[in-house]
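Chemist: Quick one: structure below, then a few questions.
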Amino acid sequence: MKKIVQWLNESIYIPPLSPGCEMCAKGSKMVILITGLCPTSCFYCPLSHGKIGKDRVFADEWELNDENDTEKLILEAKYIKATGASLTGGDPLTVWKRSKKYVELLKDTFGSNFHIHMYTSGIQNYERIPEIVNSGLDEIRFHPLPSHWRNMSNSSIVAPIKTALKTNVDVAIEIPLIPGMENDITTMIKWADKIGVKWVNLNELEFSETNAEKLNNKGYTVKDDISAAVKGSQETGYKIIETIANDDLEIGVHYCPSSFKDGVQLRNRIKRRAKNIATSLDIITKDGTLLKGIITSNTLSLQEIYKVLTSEFKIKNKHIIINKDKNRVEVALWILEKTASSLKEKNLECYMIEEYPTADALEIERTPLPF
């Protein structure tokens, strides 16, 4: 029997484990949504309404103006001190030239050790896989449709997988854990082991804004009140790994729970980014979010607020930032806490905010000052 490793946030795996997963756990893997276009229409696809079926490009939360806006791509990698990247979608093979271009760019910029993996259904343009591998791709993760899991030998994805196996890329399979399909998934893993696939990643099935209705119609429910994960998905993953461990196969199998993505991957990535983008005015919390002091006004312009702060309150320039994008003035929180009462008398609205250090700077909480 092979050893089952208890990892992070209920994640477990049978070695070997993909280097991409290890980097993901450290928060050092940049996620590139290279397109929202995809030749399949999986009922469980979690991609948001703003991305699904649309040809948009994102480096983590940062949208690129177009595929040639590679400055943001490189900058995002530097902000999180990335050691690797994943090309996801949609399906990256639908825009295979773009995928190849990004692999080459990232390898040229960060070196040959920068690990890149790519997801694909293998349905479209699979004959281009060798070209993308030759550009530097380290790992390719295939996504066979559930209808193929029981009988992979006769499925349309065999040709794409065998094409990849003939190259020097690490070949993997990644699928969602659909409750009730334990036998199908186990059969698929054993098939993958026989043909030389290195590992299989099993993701906990989750509800999202785009798949919720379809999942509900199939009778799935959430596993508890605080999770978007589907009830029974985790149990299915555990049973499959126990079965595979007893069969003593060479293939690695990793169960990745939804809590891993939020509690480990995202948390560690934003902590890395916070250290690189925080200004001297920001306070970084233990979770990697940023605490900021901000001032807004319905009557004064940003320049007028700035003048009040510097002229009347003698606040130094280095403690003030005018943020035109968000129409606010940012002030060192420890200074704003002391002056908020007086500023309020001048009809200035003062707040302490907590936001993510991501490109979209999502605001989590806003607290009026003075406390």
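FYI, nothing fancy with the structure tokens labels: chains A, B, ... in order, residues from 1 per chain, ligands from 1 as they appear.
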Range 198-315 of chain A: which residues are alpha helix (DSSP H) by DSSP, as a VMD selection string?

Modeler: chain A and resid 212 to 217 233 to 247 258 to 260 267 to 277 302 to 307

Chemist: Identify, on the basis of only C-alpha atoms, every residue whose closest approach to Ile195 in chain A does not exceed 12 Å; exclude the query and any residue fewer than 6 positions from it along the same chain; express the result as a list in words.

Modeler: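 That gives Met152, Ser153, Val158, Ala159, Ile161, Lys162, Thr163, Ala164, Leu165, Lys166, Val171, Ala172, Met188, Ile189, Leu249, Glu250 and Ile251 of chain A.
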
Chemist: Nearest residue to His143 in chain A out of A:Glu127, A:Glu355, A:Glu174, A:Glu365, using only C-alpha atoms?

Modeler: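 Checking each of A:Glu127, A:Glu355, A:Glu174, A:Glu365 against His143 in chain A, counting only C-alpha atoms, the winner is A:Glu174.
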
Chemist: Counting only C-alpha atoms, what is within 8 Å of Glu67 in chain A, bar same-chain residues fewer than 3 positions away, as a PDB file with N, CA, C and O atoms, in the first residue's frame?

Modeler:
```pdb
ATOM      1  N   VAL A  57      -8.262  38.279 -21.089  1.00  0.00           N
ATOM      2  CA  VAL A  57      -7.016  37.770 -20.524  1.00  0.00           C
ATOM      3  C   VAL A  57      -6.783  38.403 -19.157  1.00  0.00           C
ATOM      4  O   VAL A  57      -6.874  39.627 -19.013  1.00  0.00           O
ATOM      5  N   LEU A  64      -5.618  42.202 -18.630  1.00  0.00           N
ATOM      6  CA  LEU A  64      -4.762  42.791 -19.651  1.00  0.00           C
ATOM      7  C   LEU A  64      -5.646  43.467 -20.695  1.00  0.00           C
ATOM      8  O   LEU A  64      -6.754  43.000 -20.981  1.00  0.00           O
ATOM      9  N   THR A  70       1.629  42.661 -22.361  1.00  0.00           N
ATOM     10  CA  THR A  70       2.423  41.713 -21.573  1.00  0.00           C
ATOM     11  C   THR A  70       3.171  42.385 -20.414  1.00  0.00           C
ATOM     12  O   THR A  70       3.686  41.687 -19.542  1.00  0.00           O
ATOM     13  N   ARG A  98      -1.303  32.316 -28.752  1.00  0.00           N
ATOM     14  CA  ARG A  98      -1.155  33.168 -27.560  1.00  0.00           C
ATOM     15  C   ARG A  98      -0.513  32.377 -26.423  1.00  0.00           C
ATOM     16  O   ARG A  98       0.369  32.878 -25.719  1.00  0.00           O
TER      17      ARG A  98
END
```

Chemist: Name all residues at most 9 Å from Asn327 in chain A (count only C-alpha atoms; drop same-chain ones fewer than 4 positions away) and give them as a count of residues only.

Modeler: 5

Chemist: I'd like a table as CSV: residues in range 37-64 of chain A with an atom no more than 12 Å from range 212-223 of chain A, each row giving the shortest atom pair and its distance in Å to one decimal, only C-alpha atoms counted, sorted by chain and rising residue number.

Modeler:
```
residue,atom,partner,partner_atom,distance
A:Ser41,CA,A:Lys214,CA,11.7
A:Cys42,CA,A:Lys214,CA,10.1
A:Phe43,CA,A:Lys214,CA,6.3
A:Tyr44,CA,A:Leu215,CA,7.0
A:Cys45,CA,A:Ala212,CA,9.8
A:Pro46,CA,A:Ala212,CA,8.8
A:Leu47,CA,A:Ala212,CA,11.4
A:Ser48,CA,A:Ala212,CA,11.2
```

Chemist: Given the choices A:Ile335, A:Met23, A:Met352, A:Val5, which gets closest to Ile116 in chain A if the distance is worked out from only C-alpha atoms?

Modeler: A:Met23

Chemist: Name the residues in contact with range 108-113 of chain A at a cut-off of 12 Å, using only C-alpha atoms, excluding same-chain residues fewer than 2 positions from it; report them as a list in words.

Modeler: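 Contacts, in chain order: Pro19, Gly20, Thr70, Glu71, Leu73, Ile74, Leu75, Ala77, Lys78, Lys81, Ala82, Thr83, Gly84, Ala85, Lys101, Tyr102, Val103, Glu104, Leu105, Leu106, His115, Ile116, Ser135, Gly136, Leu137 and Asp138 of chain A.
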
Chemist: Residues at most 10 Å from Phe313 in chain A, counting only C-alpha atoms, excluding those fewer than 6 positions away in the same chain, as a compact mmCIF listing (two decimals) with N, CA, C and O atoms, in the first residue's frame?

Modeler:
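Result written to result-v2.txt:
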```txt
# COMPACT_ATOMS: atom_id res chain seq x y z
N LYS A 307 -5.03 70.11 0.06
CA LYS A 307 -4.61 71.42 0.58
C LYS A 307 -5.00 71.59 2.04
O LYS A 307 -4.23 72.12 2.85
N THR A 339 -6.64 62.71 13.65
CA THR A 339 -7.21 63.94 13.09
C THR A 339 -8.64 63.79 12.59
O THR A 339 -9.25 64.77 12.16
N SER A 342 -11.47 66.23 13.90
CA SER A 342 -11.37 67.60 13.39
C SER A 342 -11.73 67.67 11.91
O SER A 342 -12.36 68.62 11.44
N LEU A 343 -11.31 66.66 11.16
CA LEU A 343 -11.61 66.64 9.73
C LEU A 343 -13.11 66.47 9.48
O LEU A 343 -13.66 67.01 8.52
```

Chemist: Suppose you want the space between CA of Glu131 in chain A and CA of Lys100 in chain A; what is it in Å?

Modeler: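 Separating CA of Glu131 in chain A from CA of Lys100 in chain A is a distance of 7.5 Å.
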
Chemist: Please list as a VMD selection string every residue within 12 Å of Arg267 in chain A, counting only C-alpha atoms and excluding residues in the same chain fewer than 3 positions away.

Modeler: chain A and resid 24 to 28 80 259 to 264 270 to 274 285 to 289 356 to 358

Chemist: Any idea what the distance is between CA of Lys344 in chain A and CA of Leu362 in chain A?

Modeler: 25.5 Å

Chemist: Write down as an MDAnalysis selection string the residues of range 15-257 of chain A whose backbone DSSP state falls under strand (DSSP E or B).

Modeler: chainID A and resid 29:33 58:59 62:63 84:88 115:120 139:142 170:177 199:204 206 222 229:230 252:256

Chemist: Closest to His117 in chain A among A:Val31, A:Ile12, A:Trp191, A:Asn151, using only C-alpha atoms?

Modeler: A:Val31

Chemist: Between A:Cys38, A:Tyr238, A:Tyr255, A:Leu333, which residue has the minimum interatomic distance to Leu281 in chain A, considering only C-alpha atoms?

Modeler: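 Looking only at the distances to Leu281 in chain A, the closest residue turns out to be A:Leu333.
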
Chemist: Nearest to Val230 in chain A among A:Ile321, A:Thr243, A:Gly196, A:Pro176, with distances taken over only C-alpha atoms: which residue is it?

Modeler: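 Among the listed residues, A:Pro176 lies closest to Val230 in chain A.
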
Chemist: Report, in Å with one decimal, the straight-line distance from CA of Leu205 in chain A to CA of Ala229 in chain A.

Modeler: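 That distance, rounded to one decimal, is 5.8 Å.
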